[in-house]
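So this block is upload34.cif, mmCIF, C-alpha atoms:
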```
data_input
loop_
_atom_site.label_atom_id
_atom_site.label_comp_id
_atom_site.auth_asym_id
_atom_site.auth_seq_id
_atom_site.Cartn_x
_atom_site.Cartn_y
_atom_site.Cartn_z
CA MET A 13 20.51 -9.46 6.77
CA SER A 14 19.58 -12.72 8.48
CA LYS A 15 16.18 -12.90 10.13
CA PRO A 16 15.52 -15.01 13.21
CA ALA A 17 12.48 -17.24 12.78
CA VAL A 18 11.67 -17.03 16.48
CA ASN A 19 11.94 -14.05 18.84
CA SER A 20 12.89 -15.61 22.15
CA GLU A 21 11.50 -12.67 24.14
CA ALA A 22 8.05 -12.72 22.55
CA THR A 23 5.27 -14.99 23.80
CA PHE A 24 4.28 -15.83 20.20
CA THR A 25 6.00 -17.75 17.42
CA ILE A 26 7.24 -16.26 14.14
CA THR A 27 7.71 -18.63 11.21
CA LEU A 28 9.04 -17.54 7.84
CA MET A 29 6.59 -18.05 4.98
CA LYS A 30 7.42 -21.02 2.81
CA LYS A 31 8.38 -20.38 -0.78
CA SER A 32 9.27 -22.46 -3.80
CA PRO A 33 12.78 -22.57 -5.31
CA SER A 34 11.63 -20.26 -8.12
CA GLU A 35 10.40 -17.53 -5.76
CA LYS A 36 12.86 -14.72 -5.03
CA HIS A 37 10.93 -12.49 -2.61
CA ASP A 38 12.79 -12.30 0.69
CA TYR A 39 10.04 -11.29 3.12
CA GLY A 40 6.89 -12.62 4.78
CA ALA A 41 6.23 -14.37 8.10
CA ILE A 42 3.43 -16.15 9.97
CA VAL A 43 2.63 -15.36 13.61
CA THR A 44 0.92 -18.00 15.75
CA GLY A 45 0.14 -18.32 19.43
CA LEU A 46 -1.06 -14.73 19.83
CA ASP A 47 -4.47 -13.40 20.90
CA LEU A 48 -4.71 -9.76 19.80
CA ASN A 49 -7.59 -9.21 22.23
CA HIS A 50 -5.16 -9.67 25.10
CA ILE A 51 -1.75 -8.56 23.82
CA SER A 52 0.75 -7.11 26.29
CA ASP A 53 2.70 -3.92 25.68
CA ALA A 54 5.85 -6.00 25.34
CA ASP A 55 4.29 -8.19 22.65
CA VAL A 56 3.00 -5.11 20.81
CA ARG A 57 6.64 -4.00 20.56
CA HIS A 58 7.74 -7.48 19.46
CA LEU A 59 4.98 -7.62 16.84
CA SER A 60 5.95 -4.15 15.61
CA ASP A 61 9.58 -5.26 15.26
CA ALA A 62 8.40 -8.38 13.41
CA ILE A 63 6.52 -6.25 10.87
CA TRP A 64 9.48 -3.92 10.35
CA THR A 65 11.74 -6.96 9.94
CA HIS A 66 9.60 -9.32 7.84
CA LYS A 67 7.61 -6.57 6.06
CA VAL A 68 4.46 -8.71 5.61
CA VAL A 69 3.14 -10.64 8.61
CA VAL A 70 0.00 -12.80 8.83
CA VAL A 71 -1.31 -13.18 12.37
CA LYS A 72 -3.37 -16.35 12.48
CA GLY A 73 -6.59 -17.10 14.33
CA GLN A 74 -8.14 -13.70 15.12
CA LYS A 75 -11.80 -14.56 14.44
CA ASP A 76 -12.92 -13.00 17.73
CA LEU A 77 -11.15 -9.67 17.25
CA PRO A 78 -13.76 -6.85 17.37
CA PRO A 79 -13.19 -3.69 15.30
CA ALA A 80 -12.51 -1.61 18.42
CA LYS A 81 -9.66 -3.93 19.39
CA GLN A 82 -8.17 -3.78 15.88
CA TRP A 83 -8.12 0.02 16.10
CA GLU A 84 -6.71 -0.12 19.61
CA LEU A 85 -3.82 -2.27 18.36
CA VAL A 86 -3.13 0.19 15.54
CA THR A 87 -2.91 3.07 18.04
CA ARG A 88 -0.65 1.05 20.32
CA PHE A 89 1.82 0.53 17.48
CA ASP A 90 2.22 4.32 17.29
CA PRO A 91 0.81 5.90 20.48
CA ASP A 92 2.05 9.40 19.60
CA ALA A 93 0.18 9.44 16.28
CA PRO A 94 -2.99 11.49 15.70
CA GLN A 95 -5.94 9.30 16.60
CA VAL A 96 -7.51 9.09 13.15
CA HIS A 97 -7.21 6.91 10.05
CA SER A 98 -4.37 8.05 7.79
CA HIS A 99 -6.86 9.18 5.13
CA GLY A 100 -8.91 11.11 7.70
CA ASP A 101 -12.48 10.53 8.77
CA ILE A 102 -15.08 9.19 6.34
CA LYS A 103 -16.34 12.66 5.40
CA THR A 104 -12.83 13.90 4.64
CA PHE A 105 -12.04 10.77 2.64
CA ASN A 106 -15.18 11.06 0.52
CA ASN A 107 -14.65 14.80 -0.08
CA LYS A 108 -10.90 14.78 -0.75
CA GLY A 109 -10.21 11.15 -1.68
CA GLY A 110 -10.38 11.85 -5.41
CA MET A 111 -9.73 8.70 -7.39
CA LEU A 112 -9.55 6.67 -4.16
CA SER A 113 -13.17 7.39 -3.29
CA LYS A 114 -14.71 8.13 -6.69
CA ASN A 115 -15.37 4.56 -7.80
CA ARG A 116 -15.20 2.81 -4.48
CA GLU A 117 -17.44 2.41 -1.47
CA VAL A 118 -15.65 2.54 1.87
CA ILE A 119 -17.69 2.40 5.06
CA GLY A 120 -16.63 3.05 8.65
CA ILE A 121 -17.66 0.41 11.17
CA PRO A 122 -20.26 1.97 13.52
CA GLY A 123 -18.59 2.85 16.81
CA SER A 124 -15.14 2.21 15.27
CA GLU A 125 -15.21 4.47 12.20
CA ASN A 126 -11.43 4.33 11.76
CA VAL A 127 -11.80 0.65 10.93
CA ARG A 128 -13.04 0.55 7.36
CA LEU A 129 -15.24 -2.10 5.80
CA ILE A 130 -13.72 -3.03 2.45
CA GLY A 131 -15.34 -5.71 0.40
CA LYS A 132 -17.56 -6.89 -2.39
CA GLY A 133 -21.11 -8.14 -2.58
CA PHE A 134 -23.60 -8.76 0.22
CA GLN A 135 -22.10 -8.12 3.66
CA GLY A 136 -24.81 -9.84 5.72
CA GLU A 137 -28.02 -8.92 7.46
CA ASP A 138 -26.18 -7.17 10.29
CA HIS A 139 -22.43 -6.64 10.07
CA TYR A 140 -21.42 -4.84 13.27
CA GLY A 141 -24.46 -2.57 12.85
CA ILE A 142 -24.26 -2.25 9.06
CA LYS A 143 -27.52 -3.81 7.92
CA ASN A 144 -28.28 -5.60 4.64
CA LYS A 145 -25.42 -3.89 2.84
CA THR A 146 -24.32 -4.86 -0.65
CA ILE A 147 -21.06 -3.26 -1.81
CA ALA A 148 -21.60 -2.69 -5.50
CA LYS A 149 -18.43 -0.74 -6.36
CA PRO A 150 -15.42 -2.87 -5.42
CA LEU A 151 -11.85 -2.09 -6.30
CA SER A 152 -11.31 -3.26 -9.85
CA HIS A 153 -9.40 -2.84 -13.08
CA ASP A 154 -11.78 -0.14 -14.39
CA TRP A 155 -9.13 2.41 -13.40
CA HIS A 156 -6.85 1.08 -16.13
CA HIS A 157 -6.52 2.90 -19.44
CA LYS A 158 -6.60 -0.34 -21.42
CA GLU A 159 -9.91 -2.10 -20.89
CA LEU A 160 -10.11 -5.69 -19.71
CA PRO A 161 -13.08 -7.12 -21.62
CA GLN A 162 -15.91 -8.13 -19.30
CA GLU A 163 -16.19 -11.62 -20.77
CA GLU A 164 -12.49 -12.24 -20.08
CA PHE A 165 -12.90 -10.99 -16.52
CA ASN A 166 -15.96 -13.18 -15.98
CA ALA A 167 -13.84 -16.14 -17.13
CA GLY A 168 -11.40 -15.50 -14.26
CA ASN A 169 -8.83 -13.20 -15.89
CA THR A 170 -7.87 -10.19 -13.83
CA ARG A 171 -5.07 -7.70 -13.12
CA PHE A 172 -3.19 -6.03 -10.31
CA GLN A 173 -5.45 -3.08 -9.58
CA ARG A 174 -3.03 -0.36 -8.38
CA TRP A 175 0.39 -0.75 -6.78
CA HIS A 176 0.58 1.78 -3.96
CA ILE A 177 1.41 2.61 -0.38
CA ASP A 178 -1.28 3.61 2.11
CA ALA A 179 -0.40 7.27 2.34
CA PRO A 180 -2.39 10.51 2.21
CA LEU A 181 0.73 12.35 0.95
CA TYR A 182 -0.82 15.62 2.12
CA ALA A 183 -1.24 17.03 5.65
CA ARG A 184 -0.63 13.65 7.35
CA ASP A 185 2.32 11.26 7.15
CA PRO A 186 2.01 7.70 5.85
CA ALA A 187 1.04 4.93 8.22
CA TRP A 188 3.91 2.80 9.44
CA PHE A 189 1.73 -0.29 9.13
CA THR A 190 -1.61 -1.28 7.62
CA THR A 191 -3.75 -4.01 9.19
CA LEU A 192 -6.30 -5.96 7.14
CA ARG A 193 -8.46 -8.63 8.78
CA CYS A 194 -10.18 -11.26 6.69
CA ILE A 195 -13.79 -11.75 7.81
CA LYS A 196 -14.88 -13.81 4.83
CA GLY A 197 -13.96 -14.33 1.21
CA PRO A 198 -14.06 -16.83 -1.63
CA THR A 199 -11.33 -19.45 -1.84
CA GLU A 200 -11.90 -20.80 -5.35
CA PRO A 201 -11.60 -20.95 -8.26
CA GLU A 202 -8.23 -19.34 -8.87
CA VAL A 203 -7.89 -16.15 -10.86
CA ASN A 204 -5.40 -15.61 -13.65
CA ILE A 205 -3.57 -12.31 -13.10
CA ARG A 206 -2.34 -10.78 -16.35
CA TRP A 207 0.16 -7.95 -16.78
CA ASP A 208 -1.38 -7.03 -20.19
CA ASP A 209 1.58 -4.73 -20.86
CA GLY A 210 3.11 -6.62 -23.77
CA SER A 211 5.34 -8.73 -21.52
CA GLY A 212 3.11 -11.80 -21.69
CA LEU A 213 3.50 -12.27 -17.93
CA SER A 214 0.74 -13.82 -15.80
CA MET A 215 0.34 -15.74 -12.55
CA LYS A 216 -2.36 -17.66 -10.70
CA ALA A 217 -3.71 -16.86 -7.24
CA LYS A 218 -6.65 -17.57 -5.00
CA PRO A 219 -9.35 -14.89 -5.26
CA GLY A 220 -9.78 -11.86 -3.02
CA LEU A 221 -6.19 -11.55 -1.78
CA THR A 222 -3.61 -8.74 -1.64
CA ALA A 223 -0.33 -8.81 -3.57
CA PHE A 224 2.97 -7.33 -2.35
CA ILE A 225 6.33 -6.28 -3.77
CA SER A 226 9.29 -5.10 -1.72
CA ASN A 227 10.86 -1.77 -2.53
CA VAL A 228 13.87 -2.89 -0.51
CA GLN A 229 14.40 -5.40 -3.29
CA THR A 230 13.78 -2.63 -5.82
CA TYR A 231 16.59 -0.64 -4.19
CA GLU A 232 18.89 -3.67 -4.20
CA MET A 233 18.31 -4.06 -7.98
CA MET A 234 19.45 -0.51 -8.68
CA THR A 235 22.88 0.27 -10.07
CA GLU A 236 25.39 2.04 -7.83
CA GLU A 237 24.84 5.23 -9.84
CA GLU A 238 21.08 4.95 -9.38
CA LYS A 239 21.44 4.31 -5.65
CA LYS A 240 23.70 7.35 -5.28
CA MET A 241 21.10 9.48 -7.04
CA ALA A 242 18.18 8.05 -5.05
CA ASP A 243 19.97 8.37 -1.70
CA HIS A 244 20.35 12.13 -2.21
CA SER A 245 17.12 13.01 -4.06
CA TRP A 246 13.57 13.71 -2.97
CA VAL A 247 9.98 13.98 -4.18
CA GLU A 248 7.36 16.70 -3.85
CA TYR A 249 3.82 15.35 -3.98
CA ALA A 250 0.82 17.24 -5.27
CA PRO A 251 -1.58 18.88 -2.83
CA HIS A 252 -4.69 16.70 -2.43
CA PRO A 253 -2.84 14.26 -4.71
CA TYR A 254 -5.69 11.84 -5.34
CA MET A 255 -7.91 14.71 -6.46
CA TRP A 256 -5.06 15.93 -8.66
CA ILE A 257 -5.02 12.58 -10.52
CA GLY A 258 -8.75 12.00 -10.22
CA ASP A 259 -9.27 11.87 -14.00
CA CYS A 260 -6.11 9.92 -14.81
CA LYS A 261 -5.87 6.27 -15.82
CA GLY A 262 -3.37 3.62 -14.84
CA ASN A 263 -1.15 1.16 -16.66
CA SER A 264 -2.47 -2.36 -17.18
CA ASN A 265 0.12 -3.91 -14.83
CA GLY A 266 -1.15 -1.63 -12.04
CA LEU A 267 2.12 0.32 -11.74
CA GLY A 268 2.05 4.01 -12.61
CA LEU A 269 -0.12 6.27 -14.73
CA VAL A 270 -0.67 6.63 -18.45
CA SER A 271 0.38 10.17 -19.36
CA GLN A 272 -2.63 11.84 -20.96
CA GLY A 273 -2.37 15.35 -19.53
CA LYS A 274 -5.42 14.83 -17.33
CA GLU A 275 -3.90 16.01 -14.05
CA LYS A 276 -5.97 18.83 -12.57
CA LYS A 277 -4.63 22.35 -12.28
CA LEU A 278 -3.70 23.30 -8.73
CA GLU A 279 -6.30 26.08 -8.71
CA ASP A 280 -8.98 23.45 -9.38
CA LEU A 281 -8.13 21.46 -6.25
CA GLY A 282 -9.81 23.87 -3.83
CA ASP A 283 -8.13 25.28 -0.77
CA PHE A 284 -4.82 23.79 0.31
CA ASP A 285 -2.08 24.87 2.68
CA PRO A 286 1.41 24.91 1.14
CA LYS A 287 2.77 23.86 4.56
CA ASP A 288 0.82 20.61 4.21
CA VAL A 289 2.34 19.70 0.84
CA LYS A 290 4.62 16.74 1.44
CA LYS A 291 8.25 16.32 0.43
CA TYR A 292 9.77 12.93 1.14
CA PRO A 293 13.13 11.34 0.34
CA MET A 294 13.22 8.89 -2.53
CA VAL A 295 14.77 6.31 -0.22
CA TRP A 296 13.19 5.46 3.14
CA VAL A 297 15.36 3.89 5.81
CA ASN A 298 13.95 1.14 8.04
CA THR A 299 14.77 2.29 11.57
CA VAL A 300 14.76 -1.30 12.91
CA THR A 301 16.79 -3.13 10.24
CA GLY A 302 18.62 -0.27 8.52
CA GLU A 303 17.39 -1.49 5.11
CA ARG A 304 16.74 1.06 2.38
CA ALA A 305 13.62 1.11 0.19
CA PHE A 306 13.12 3.03 -3.05
CA GLN A 307 9.75 4.31 -1.87
CA VAL A 308 8.41 6.74 -4.46
CA HIS A 309 4.65 6.86 -4.99
CA GLY A 310 4.96 7.78 -8.62
CA ILE A 311 1.30 8.35 -9.44
CA CYS A 312 1.19 11.33 -7.06
CA ALA A 313 4.66 12.78 -7.68
CA ARG A 314 4.51 16.37 -9.01
CA LYS A 315 8.21 17.27 -8.76
CA LEU A 316 11.49 15.40 -8.39
CA PHE A 317 14.63 17.02 -6.97
CA ILE A 318 17.54 15.05 -8.43
CA ARG A 319 21.10 15.13 -7.17
CA SER A 320 23.86 12.61 -6.47
CA SER A 321 25.58 14.27 -3.51
CA SER A 322 24.65 16.48 -0.60
CA THR A 323 26.65 19.37 -2.06
CA GLU A 324 25.16 19.21 -5.55
CA GLU A 325 22.46 21.67 -6.63
CA PRO A 326 19.37 19.57 -7.40
CA ARG A 327 17.91 19.35 -10.88
CA ILE A 328 14.15 19.90 -10.62
CA ILE A 329 11.90 17.77 -12.81
CA ASP A 330 8.34 19.07 -12.91
CA ASP A 331 7.20 17.42 -16.13
CA VAL A 332 5.11 14.41 -15.11
CA VAL A 333 5.99 12.56 -18.32
CA GLU A 334 9.70 12.88 -17.53
CA ILE A 335 9.04 11.89 -13.89
CA ARG A 336 7.27 8.71 -14.99
CA ASN A 337 9.91 7.90 -17.59
CA LEU A 338 12.57 8.09 -14.85
CA LEU A 339 10.65 5.94 -12.36
CA LYS A 340 9.17 3.28 -14.63
CA PRO A 341 12.31 1.30 -15.58
CA ILE A 342 13.48 1.27 -11.96
CA GLN A 343 10.19 0.25 -10.37
CA GLU A 344 9.21 -2.36 -12.96
CA ARG A 345 12.32 -4.49 -12.30
CA VAL A 346 10.70 -6.09 -9.26
CA LEU A 347 7.32 -6.52 -10.96
CA LYS A 348 7.95 -10.16 -11.88
CA GLN A 349 6.19 -13.28 -10.64
CA GLU A 350 9.15 -14.48 -8.59
CA TYR A 351 9.27 -11.26 -6.53
CA ILE A 352 5.53 -11.00 -5.83
CA LEU A 353 4.03 -12.41 -2.64
CA ILE A 354 0.28 -13.08 -2.43
CA PRO A 355 -0.15 -14.55 1.06
CA GLY A 356 -3.13 -16.82 1.67
CA LEU A 357 -5.62 -15.82 4.34
CA GLU A 358 -8.13 -17.88 6.26
CA GLU A 359 -11.19 -16.30 7.85
CA GLY A 360 -10.02 -14.53 11.00
CA ASP A 361 -6.43 -14.03 9.86
CA ILE A 362 -5.08 -10.49 9.85
CA VAL A 363 -2.29 -9.42 7.51
CA MET A 364 -0.08 -6.50 8.54
CA TRP A 365 2.54 -4.85 6.40
CA ALA A 366 5.20 -2.15 6.55
CA ASN A 367 4.10 0.75 4.36
CA TYR A 368 7.60 2.22 4.50
CA GLN A 369 9.04 -0.77 2.60
CA MET A 370 6.24 -2.24 0.48
CA PHE A 371 3.89 -1.63 -2.41
CA HIS A 372 0.64 -3.58 -2.37
CA THR A 373 -2.44 -3.96 -4.54
CA ALA A 374 -5.90 -5.44 -4.51
CA ILE A 375 -6.76 -8.12 -7.07
CA ASP A 376 -10.36 -8.19 -8.25
CA TYR A 377 -12.32 -11.35 -9.05
CA PRO A 378 -15.65 -12.11 -10.79
CA ASP A 379 -18.82 -11.44 -8.81
CA SER A 380 -19.88 -15.05 -9.28
CA TYR A 381 -17.12 -16.20 -6.89
CA GLY A 382 -18.98 -14.75 -3.90
CA PRO A 383 -18.76 -11.90 -1.36
CA ARG A 384 -15.66 -10.60 0.38
CA THR A 385 -15.53 -8.81 3.74
CA MET A 386 -12.37 -7.22 5.16
CA HIS A 387 -11.64 -4.79 7.99
CA GLN A 388 -8.82 -2.33 7.23
CA ALA A 389 -7.19 0.09 9.66
CA ASN A 390 -4.07 2.21 9.76
CA ILE A 391 -3.07 5.46 11.41
CA ALA A 392 -1.13 8.46 10.11
CA SER A 393 2.31 8.11 11.65
CA SER A 394 3.77 10.27 14.39
CA ALA A 395 7.05 10.61 12.47
CA PRO A 396 7.67 10.95 8.72
CA PRO A 397 9.95 8.68 6.72
CA LEU A 398 13.65 9.41 6.95
CA GLY A 399 16.16 9.11 4.16
CA PRO A 400 19.90 8.43 4.14
CA ASN A 401 20.44 12.19 3.70
CA PRO A 402 18.23 15.05 4.92
CA ILE A 403 16.20 17.19 2.54
CA PRO A 404 17.60 20.75 2.58
CA VAL A 405 15.27 23.01 4.54
CA ALA A 406 15.54 25.87 2.05
CA LEU A 407 14.12 23.67 -0.68
#
```
Render the structure in this file as structure tokens.
Amino acid sequence: MSKPAVNSEATFTITLMKKSPSEKHDYGAIVTGLDLNHISDADVRHLSDAIWTHKVVVVKGQKDLPPAKQWELVTRFDPDAPQVHSHGDIKTFNNKGGMLSKNREVIGIPGSENVRLIGKGFQGEDHYGIKNKTIAKPLSHDWHHKELPQEEFNAGNTRFQRWHIDAPLYARDPAWFTTLRCIKGPTEPEVNIRWDDGSGLSMKAKPGLTAFISNVQTYEMMTEEEKKMADHSWVEYAPHPYMWIGDCKGNSNGLGLVSQGKEKKLEDLGDFDPKDVKKYPMVWVNTVTGERAFQVHGICARKLFIRSSSTEEPRIIDDVVEIRNLLKPIQERVLKQEYILIPGLEEGDIVMWANYQMFHTAIDYPDSYGPRTMHQANIASSAPPLGPNPIPVAL
């Protein structure tokens, strides 16, 4: 569908991100002329529509945005949502975050705990009340099954860490949007991102940024048979899914898990409520644009219910190897340089993206490049994703 570059009713300007002739991603926009400290209710709605429409939006010039105002904006996007970060409070995240919290230090900003400090290296003498903090466990490729030799990493070679959506996938529904404000970060030298999956693919990028792929484009690449199946099928995620895969390792291109039989048994996950186990459609419909996204978070999928019509009895796949073999060839189609967007950020810029359409990933860089400081916030949504066809209640 065509996308207007400027919303005539908004007080700010939306400009489509520039791309080269070789780039095939069809999303991304820049917002200028907006002060998020003083944004009207009308402009909150216009900005929300812009994120749903353009999927990844960089709002320029927000150096003076305090953490409390970032969280306030997140709650205004979805005022009916529970007033907590989608992964819960810090204590819940550290106790139940599994692989998300095991090798990673995430800190709540004092007085605005739902805004999380994400970064690398020394964060300053006093960062909003966090004093003399050095983050020593950044996101990195150490989650991958195939090791990236340290000397190659130190020379500027890196990988996509983990393609994912920001979603608890248990008890709470995924955030509609994630907001990530750049406080500081290195700008050079470039890193060389390698797939290291036998494809020989690689691409260059500035350090410390976030990469995106569109699962709307993934859906558009599917065959008509595949679309028919996806439109009618659904996924059941594991309870406490990131604990369930806490001992698993990922593929070198950052997409999916290596099947080693290391998923935990359900009885080893502690208490969980079956009512909080999430079932979501394979395809999520954008309520603003009508676009469809093949939005399956494969690393956490415990069962697939496969059918190609609403009257067909679903085939249940509960073998994780078979689940991954089904998903991998579909989801890897978009994992090519021309479909990946890595938007540049200046200090004070805030990037916002639509979790119901996108996968994203961090990209690590050598310590010698310098520290990185980001503020991340999202909120568990007030309404779950909807598919083209409802999931039968009995199942």
Written as a list in words, which residues does the PyMOL selection byres ((chain A and resi 191) around 9) give for the file shown?
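This file gives the following for the PyMOL selection byres ((chain A and resi 191) around 9): Gln82, Val86, Phe189, Thr190, Leu192, Arg193, Ile362, Val363, Met364, Trp365, His387, Gln388, Ala389 and Asn390 of chain A.
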I'd like the neighbourhood of Arg314 in chain A as an mmCIF file with C-alpha atoms, keeping the file's coordinate frame, where a residue qualifies if any of its atoms comes within 8 Å (using all atoms listed in the file), though same-chain residues fewer than 6 positions away should be ignored.
```cif
data_model
loop_
_atom_site.group_PDB
_atom_site.id
_atom_site.type_symbol
_atom_site.label_atom_id
_atom_site.label_comp_id
_atom_site.auth_asym_id
_atom_site.auth_seq_id
_atom_site.Cartn_x
_atom_site.Cartn_y
_atom_site.Cartn_z
ATOM 1 C CA VAL A 247 9.980 13.980 -4.180
ATOM 2 C CA GLU A 248 7.360 16.700 -3.850
ATOM 3 C CA TYR A 249 3.820 15.350 -3.980
ATOM 4 C CA ALA A 250 0.820 17.240 -5.270
ATOM 5 C CA ASP A 330 8.340 19.070 -12.910
ATOM 6 C CA ASP A 331 7.200 17.420 -16.130
ATOM 7 C CA VAL A 332 5.110 14.410 -15.110
#
```
Can you list, as a ChimeraX atom specification, the residues that the PyMOL selection byres ((chain A and resi 305) around 10) selects here?
/A:226-232,242-243,294-298,302-304,306-308,368-370,399
Could you expand the PyMOL selection byres ((chain A and resi 345) around 10) into the explicit residues it covers here, written as a list in words?
Gln229, Thr230, Tyr231, Met233, Met234, Lys340, Pro341, Ile342, Gln343, Glu344, Val346, Leu347, Lys348 and Tyr351 of chain A
Near Gly168 in chain A, within 9 Å and counting only C-alpha atoms, which residues show up once chain neighbours fewer than 6 positions away are dropped, as a list in words?
Pro201, Glu202, Val203, Asn204, Ile205, Tyr377 and Pro378 of chain A
Residue nearest Ile352 in chain A - candidates A:Asn367, A:Ser214, A:Asn126, A:Asn337, atoms counted: only C-alpha atoms
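Ranked by minimum distance to Ile352 in chain A, first place goes to A:Ser214.
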Could you check how far CA of His309 in chain A sits from CA of Ile42 in chain A, in Å to one decimal?
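The value is 27.5 Å.
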For a test of reading the model, state the distance in Å between CA of Lys291 in chain A and CA of Leu339 in chain A, rounded to one decimal.
16.6 Å
Give as a compact mmCIF listing (two decimals) with C-alpha atoms, in the frame of the given file each residue that has an atom at most 8 Å from (-6.6, -13.4, 22.0) in the file, counting all atoms listed in the file.
```
# COMPACT_ATOMS: atom_id res chain seq x y z
CA LEU A 46 -1.06 -14.73 19.83
CA ASP A 47 -4.47 -13.40 20.90
CA LEU A 48 -4.71 -9.76 19.80
CA ASN A 49 -7.59 -9.21 22.23
CA HIS A 50 -5.16 -9.67 25.10
CA ILE A 51 -1.75 -8.56 23.82
CA GLN A 74 -8.14 -13.70 15.12
CA ASP A 76 -12.92 -13.00 17.73
CA LEU A 77 -11.15 -9.67 17.25
```
Of the candidates A:His252, A:Ile121, A:Gly40, A:His244, which shows the shortest atom-to-atom distance to Glu324 in chain A, using all atoms listed in the file?
A:His244
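With all atoms listed in the file as the atoms that count, the minimum distance from Lys239 in chain A to the choices A:Ser98, A:Thr301, A:Gln135, A:Ser321 is reached by A:Ser321.
Straight-line separation from CA of Ala366 in chain A to CA of Lys67 in chain A: 5.1 Å.
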Have a look at A:Asp185, A:Asp90, A:Asp259, A:Glu334 and name the one nearest to His156 in chain A; count only C-alpha atoms.
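Going through A:Asp185, A:Asp90, A:Asp259, A:Glu334 one by one, the smallest distance to His156 in chain A is for A:Asp259.
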Save range 24-29 of chain A from what I just supplied, as a CSV table (one decimal), in the first residue's frame, atoms limited to all heavy atoms.
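The result, stored in part.csv:
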```csv
chain,number,residue,atom,x,y,z
A,24,PHE,N,3.9,17.4,13.2
A,24,PHE,CA,5.3,17.0,12.9
A,24,PHE,C,5.4,16.5,11.4
A,24,PHE,O,4.4,16.3,10.8
A,24,PHE,CB,5.8,16.0,13.9
A,24,PHE,CG,5.0,14.8,14.0
A,24,PHE,CD1,5.1,13.7,13.1
A,24,PHE,CD2,4.0,14.7,15.0
A,24,PHE,CE1,4.3,12.6,13.2
A,24,PHE,CE2,3.2,13.5,15.1
A,24,PHE,CZ,3.4,12.5,14.2
A,25,THR,N,6.6,16.3,11.0
A,25,THR,CA,6.9,15.9,9.6
A,25,THR,C,7.4,14.5,9.6
A,25,THR,O,8.3,14.1,10.4
A,25,THR,CB,7.9,16.8,8.9
A,25,THR,OG1,7.4,18.2,8.9
A,25,THR,CG2,8.2,16.4,7.5
A,26,ILE,N,6.9,13.7,8.7
A,26,ILE,CA,7.3,12.3,8.5
A,26,ILE,C,8.0,12.2,7.1
A,26,ILE,O,7.4,12.6,6.1
A,26,ILE,CB,6.1,11.3,8.5
A,26,ILE,CG1,5.4,11.4,9.9
A,26,ILE,CG2,6.6,9.9,8.3
A,26,ILE,CD1,4.1,10.6,9.9
A,27,THR,N,9.2,11.7,7.1
A,27,THR,CA,10.0,11.6,5.9
A,27,THR,C,10.4,10.1,5.7
A,27,THR,O,11.0,9.6,6.7
A,27,THR,CB,11.2,12.5,5.8
A,27,THR,OG1,10.8,13.8,6.1
A,27,THR,CG2,11.9,12.4,4.5
A,28,LEU,N,10.2,9.5,4.6
A,28,LEU,CA,10.6,8.1,4.4
A,28,LEU,C,12.1,8.0,4.4
A,28,LEU,O,12.8,8.9,3.9
A,28,LEU,CB,10.1,7.6,3.1
A,28,LEU,CG,8.6,7.6,2.9
A,28,LEU,CD1,8.2,6.9,1.6
A,28,LEU,CD2,7.9,6.8,4.1
A,29,MET,N,12.6,7.0,5.1
A,29,MET,CA,14.1,6.8,5.1
A,29,MET,C,14.6,6.6,3.7
A,29,MET,O,14.0,5.8,2.9
A,29,MET,CB,14.4,5.6,6.0
A,29,MET,CG,14.3,5.9,7.5
A,29,MET,SD,14.8,4.4,8.5
A,29,MET,CE,14.3,5.0,10.1
```
